[in-house]
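Colleague: So here's work-v5.cif, just mmCIF, C-alpha atoms:
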data_target
loop_
_atom_site.label_atom_id
_atom_site.label_comp_id
_atom_site.auth_asym_id
_atom_site.auth_seq_id
_atom_site.Cartn_x
_atom_site.Cartn_y
_atom_site.Cartn_z
CA GLU A 1 21.31 2.69 -3.49
CA LYS A 2 23.74 2.96 -0.58
CA ASN A 3 21.63 5.66 1.10
CA ALA A 4 18.24 4.49 -0.21
CA LYS A 5 15.44 4.66 2.35
CA ALA A 6 12.17 2.76 2.28
CA TRP A 7 9.72 1.35 4.78
CA PHE A 8 10.38 -2.07 3.30
CA LEU A 9 11.64 -3.67 0.12
CA TYR A 10 9.75 -6.03 -2.15
CA SER A 11 12.71 -7.97 -3.47
CA LYS A 12 16.31 -8.73 -2.55
CA THR A 13 17.31 -8.54 -6.21
CA ASP A 14 15.48 -5.34 -7.22
CA SER A 15 14.37 -3.15 -4.32
CA ALA A 16 12.05 -1.08 -6.53
CA ASP A 17 10.25 -4.02 -8.16
CA ALA A 18 6.65 -3.87 -6.94
CA SER A 19 5.29 -6.10 -9.71
CA MET A 20 4.48 -9.02 -7.39
CA ALA A 21 2.59 -6.70 -5.03
CA LEU A 22 0.58 -5.27 -7.91
CA LYS A 23 -0.19 -8.82 -9.08
CA GLU A 24 -1.50 -9.42 -5.54
CA THR A 25 1.06 -12.14 -4.92
CA PRO A 26 1.67 -12.76 -1.21
CA MET A 27 5.30 -12.14 -0.31
CA GLU A 28 7.52 -11.29 2.62
CA TYR A 29 8.37 -7.61 2.80
CA ILE A 30 12.06 -7.17 3.57
CA GLY A 31 12.69 -4.78 6.47
CA LEU A 32 9.04 -4.42 7.48
CA CYS A 33 9.58 -5.55 11.09
CA ALA A 34 12.34 -2.98 11.61
CA SER A 35 10.06 -0.25 10.26
CA ILE A 36 7.21 -1.34 12.53
CA GLN A 37 9.59 -1.35 15.49
CA ARG A 38 10.72 2.17 14.66
CA VAL A 39 7.14 3.45 14.57
CA LYS A 40 6.37 1.58 17.80
CA GLU A 41 9.31 3.26 19.55
CA CYS A 42 8.13 6.66 18.35
CA LEU A 43 4.59 5.98 19.59
CA MET A 44 5.94 4.83 22.96
CA ARG A 45 7.69 8.19 23.36
CA CYS A 46 4.39 10.01 22.86
CA ASN A 47 2.82 11.35 26.03
CA ASN A 48 -0.19 9.32 27.15
CA ASN A 49 -2.24 12.50 27.60
CA HIS A 50 -5.77 11.95 26.26
CA ASN A 51 -5.45 15.16 24.24
CA ASN A 52 -2.75 13.62 22.07
CA PHE A 53 -3.79 13.00 18.51
CA CYS A 54 -1.88 10.65 16.24
CA ALA A 55 -2.71 10.15 12.58
CA ILE A 56 -0.75 8.29 9.93
CA LEU A 57 -0.43 9.29 6.29
CA GLY A 58 1.11 7.32 3.48
CA PHE A 59 1.46 7.62 -0.28
CA SER A 60 1.83 4.57 -2.55
CA GLN A 61 4.17 2.14 -0.75
CA GLY A 62 3.79 4.34 2.34
CA ALA A 63 0.02 3.77 2.18
CA THR A 64 0.67 0.03 2.08
CA PHE A 65 2.81 0.43 5.21
CA CYS A 66 -0.03 2.43 6.79
CA HIS A 67 -2.33 -0.51 5.98
CA VAL A 68 -0.13 -2.75 8.15
CA LEU A 69 0.02 -0.10 10.91
CA SER A 70 -3.76 0.33 10.73
CA LYS A 71 -4.25 -3.39 11.41
CA LEU A 72 -2.00 -3.08 14.46
CA ALA A 73 -3.84 0.08 15.59
CA SER A 74 -7.23 -1.59 15.27
CA THR A 75 -6.11 -4.61 17.27
CA GLY A 76 -4.32 -2.46 19.86
CA LYS A 77 -7.49 -0.41 20.33
CA HIS A 78 -9.41 -3.53 21.37
CA ASN A 79 -6.65 -5.07 23.48
CA ASN A 80 -7.17 -4.53 27.22
CA ASP A 81 -3.75 -5.86 28.26
CA PRO A 82 -1.65 -2.82 29.34
CA ASP A 83 1.55 -4.81 28.80
CA SER A 84 0.63 -5.80 25.25
CA ASP A 85 3.09 -4.98 22.47
CA LEU A 86 0.11 -3.64 20.53
CA ASN A 87 -0.89 -0.84 22.94
CA PRO A 88 1.43 1.83 21.45
CA PHE A 89 -0.34 1.36 18.11
CA ALA A 90 -3.70 2.10 19.76
CA LYS A 91 -2.57 5.76 19.86
CA ILE A 92 -3.17 5.91 16.11
CA ARG A 93 -6.65 7.39 15.69
CA CYS A 94 -6.95 7.55 11.90
CA ALA A 95 -5.19 7.00 8.58
CA VAL A 96 -4.97 8.94 5.33
CA LEU A 97 -3.94 6.63 2.51
CA LEU A 98 -3.09 8.03 -0.93
CA SER A 99 -2.68 5.90 -4.07
CA GLY A 100 -2.29 2.83 -1.89
CA PHE A 101 -2.78 -0.87 -2.35
CA PRO A 102 -3.44 -3.63 0.20
CA SER A 103 -0.47 -5.17 1.94
CA MET A 104 0.47 -8.56 0.53
CA HIS A 105 2.99 -9.26 3.32
CA ASN A 106 2.81 -12.89 4.41
CA GLY A 107 5.96 -13.06 6.54
CA SER A 108 6.37 -12.93 10.28
CA LEU A 109 5.90 -9.72 12.23
CA GLU A 110 7.93 -11.01 15.19
CA ASN A 111 4.91 -12.33 17.12
CA ILE A 112 2.81 -9.26 16.34
CA THR A 113 0.89 -11.20 13.68
CA THR A 114 -0.15 -13.97 16.04
CA LYS A 115 -1.41 -11.45 18.60
CA THR A 116 -3.20 -9.52 15.89
CA THR A 117 -5.05 -12.48 14.45
CA ALA A 118 -5.70 -14.01 17.85
CA HIS A 119 -7.48 -10.89 19.11
CA ASN A 120 -9.78 -9.81 16.32
CA ASN A 121 -13.29 -8.99 17.56
CA ASN A 122 -14.42 -8.01 14.10
CA LYS A 123 -16.06 -11.02 12.46
CA ASN A 124 -15.68 -9.48 8.99
CA ASN A 125 -11.94 -9.04 9.53
CA LEU A 126 -12.28 -5.34 8.70
CA ILE A 127 -9.94 -2.76 10.21
CA ASP A 128 -11.71 -0.72 12.87
CA LEU A 129 -9.97 2.62 12.29
CA ARG A 130 -11.17 5.86 10.70
CA SER A 131 -9.66 6.15 7.24
CA LEU A 132 -9.62 8.45 4.23
CA HIS A 133 -8.53 6.88 0.94
CA ILE A 134 -7.46 9.20 -1.86
CA PHE A 135 -6.82 7.88 -5.35
CA GLY A 136 -6.90 8.97 -8.97
CA GLU A 137 -8.96 7.62 -11.83
CA LYS A 138 -5.97 8.02 -14.17
CA ASP A 139 -3.32 6.45 -11.88
CA THR A 140 -1.33 3.99 -14.00
CA SER A 141 1.16 3.07 -11.24
CA VAL A 142 -1.43 1.95 -8.67
CA PRO A 143 -4.78 1.54 -10.42
CA LYS A 144 -7.87 2.98 -8.72
CA SER A 145 -9.24 -0.56 -8.19
CA PHE A 146 -6.33 -1.27 -5.80
CA GLY A 147 -7.15 1.86 -3.79
CA GLU A 148 -10.77 0.76 -3.63
CA LYS A 149 -9.75 -2.71 -2.49
CA LEU A 150 -7.59 -1.15 0.23
CA ALA A 151 -10.50 1.06 1.32
CA ASN A 152 -12.78 -1.98 1.51
CA SER A 153 -10.48 -3.58 4.10
CA PHE A 154 -11.60 -0.87 6.58
CA SER A 155 -14.92 -0.95 8.45
CA ASP A 156 -16.15 2.52 7.44
CA PRO A 157 -13.80 4.09 4.88
CA GLU A 158 -14.16 7.54 3.36
CA THR A 159 -12.93 7.91 -0.22
CA TYR A 160 -11.95 10.75 -2.53
CA ASP A 161 -11.16 10.38 -6.22
CA HIS A 162 -9.13 13.35 -7.46
CA GLY A 163 -9.39 12.14 -11.05
CA LYS A 164 -5.66 12.47 -11.81
CA GLY A 165 -2.67 10.12 -11.83
CA HIS A 166 -0.14 8.81 -9.29
CA TRP A 167 0.48 11.98 -7.35
CA ILE A 168 -0.77 14.04 -4.42
CA PRO A 169 -2.77 16.97 -5.74
CA HIS A 170 -2.66 20.15 -3.71
CA THR A 171 -6.02 21.56 -4.64
CA ALA A 172 -8.01 23.59 -2.12
CA VAL A 173 -10.83 21.03 -2.30
CA LEU A 174 -8.58 18.11 -1.38
CA CYS A 175 -6.74 20.06 1.32
CA GLU A 176 -10.08 21.03 2.87
CA ARG A 177 -11.29 17.41 2.69
CA VAL A 178 -8.17 16.15 4.51
CA ILE A 179 -8.39 18.91 7.14
CA ASP A 180 -12.09 18.19 7.74
CA PHE A 181 -11.34 14.49 8.08
CA LEU A 182 -8.51 15.06 10.58
CA ASP A 183 -10.65 17.53 12.54
CA SER A 184 -13.46 14.99 12.79
CA CYS A 185 -11.03 12.31 14.01
CA SER A 186 -9.49 14.56 16.66
CA ALA A 187 -12.82 15.65 18.15
#
Represent the structure from my file as structure tokens, please.

Modeller:
Amino acid sequence: EKNAKAWFLYSKTDSADASMALKETPMEYIGLCASIQRVKECLMRCNNNHNNFCAILGFSQGATFCHVLSKLASTGKHNNDPDSDLNPFAKIRCAVLLSGFPSMHNGSLENITTKTTAHNNNKNNLIDLRSLHIFGEKDTSVPKSFGEKLANSFSDPETYDHGKGHWIPHTAVLCERVIDFLDSCSA
């Protein structure tokens, strides 16, 4: 595990143990703030040209990380303060989340959380960001119901059930669906 890479860890004792997350137990994700900071720095390097298009894609734990980033993107989109720490995240225009589950992180995001909750114009607390949620009916690692719950945290989610397990199918139908979604978000 010396060279192991992850967006965050669920446990200090077993970095691969996601059982608490799948039991929907709130917990502090270890290393999440550093991962958010890394994405923020990357977004800050992006040119502010209006033709830029930024989408995020995550599978399984990566989709859970994209859930956190989507919250920041939604809040950044509605924040009019040019000096806000959330503005780089406003560059994110959409998210593709595969076999994901809602974030159960309840720890600090180094003041990002307070700004996020303090500036939420959406009375239903839904994420205002275009999203495509892809999951499989036969997924035994992240059950379909978790993917549906994640989708329901967005204001207008699109969903696609590929009918398989915990993997990313590469069928022409799914590829076309993702391309169409990204095209519609970049228009």

Colleague: Provide the atom CA of A:Lys40 to atom CA of A:Leu57 distance in Å, to one decimal place.

Modeller: 15.4 Å

Colleague: Using only C-alpha atoms, can you tell me which of A:Ser35, A:Asn106, A:Asn152, A:Ser145 comes closest to A:Asn124?

Modeller: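 Closest candidate: A:Asn152.
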
Colleague: Please check which residues have atoms at most 6 Å from (7.4, -10.8, 2.9) in the file's coordinates, counting only C-alpha atoms, and write them as a count of residues only.

Modeller: 7

Colleague: Using the chain letters and numbers from this file, what does the PyMOL selection byres ((chain A and resi 149) around 12) select? Give the answer as a list in words.

Modeller: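 Residues picked by the PyMOL selection byres ((chain A and resi 149) around 12): Leu22, Glu24, Thr64, His67, Ser99, Gly100, Phe101, Pro102, Ser103, Leu126, His133, Phe135, Val142, Pro143, Lys144, Ser145, Phe146, Gly147, Glu148, Leu150, Ala151, Asn152, Ser153, Phe154, Pro157 and Thr159 of chain A.
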
Colleague: Could you list the residues chosen by the PyMOL selection byres ((chain A and resi 131) around 7) in this structure as a list in words?

Modeller: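 With the shown file as input, the PyMOL selection byres ((chain A and resi 131) around 7) matches Cys94, Ala95, Val96, Leu129, Arg130, Leu132, His133, Pro157 and Glu158 of chain A.
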
Colleague: Suppose we keep C-alpha atoms; can you now write the selection as a short mmCIF file (atom, residue, chain, number, x, y, z; two decimals), in the coordinates of the input?

Modeller:
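To be explicit, this is the file written out as selection.cif:
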data_model
loop_
_atom_site.label_atom_id
_atom_site.label_comp_id
_atom_site.auth_asym_id
_atom_site.auth_seq_id
_atom_site.Cartn_x
_atom_site.Cartn_y
_atom_site.Cartn_z
CA CYS A 94 -6.95 7.55 11.90
CA ALA A 95 -5.19 7.00 8.58
CA VAL A 96 -4.97 8.94 5.33
CA LEU A 129 -9.97 2.62 12.29
CA ARG A 130 -11.17 5.86 10.70
CA LEU A 132 -9.62 8.45 4.23
CA HIS A 133 -8.53 6.88 0.94
CA PRO A 157 -13.80 4.09 4.88
CA GLU A 158 -14.16 7.54 3.36
#

Colleague: Check what the PyMOL selection byres ((chain A and resi 136) around 6) selects in the file above and give those residues as number ranges by chain.

Modeller: A: 135, 137-139, 161-165

Colleague: In Å to one decimal, how far is atom CA of A:Val178 from atom CA of A:Ser19?

Modeller: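 Atom CA of A:Ser19 sits 29.6 Å away from atom CA of A:Val178.
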
Colleague: From the set A:Ala18, A:Cys54, A:Leu98, A:Ile36, which residue has the shortest atom-to-atom contact distance to A:Leu69, counting all atoms listed in the file?

Modeller: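 So, comparing all the options, the nearest one is A:Ile36.
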
Colleague: Go through A:Met20, A:Met104, A:Ile92, A:Ala55 and flag the residue nearest A:Leu32, using all atoms listed in the file for the distances.

Modeller: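 Among A:Met20, A:Met104, A:Ile92, A:Ala55, it is A:Met104 that comes nearest to A:Leu32.
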
Colleague: Applying 10 Å and only C-alpha atoms, which residues near A:Leu43 remain after dropping the ones on its own chain fewer than 6 positions away? List them as a VMD selection string.

Modeller: chain A and resid 37 54 87 to 92

Colleague: What is the atom CA of A:His78-atom CA of A:Gly58 distance in Å, reported with one decimal?

Modeller: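 Going from atom CA of A:His78 over to atom CA of A:Gly58 covers 23.4 Å.
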
Colleague: Here is a test: counting only C-alpha atoms, which residue of A:Leu9, A:Leu174, A:Ile168, A:Ala187 is nearest to A:Phe65?

Modeller: A:Leu9

Colleague: Nearest to A:Ala63 among A:Ser186, A:Trp7, A:Glu176, A:Cys33, with distances taken over all atoms listed in the file: which residue is it?

Modeller: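 The shortest atom-to-atom distance to A:Ala63 comes from A:Trp7.
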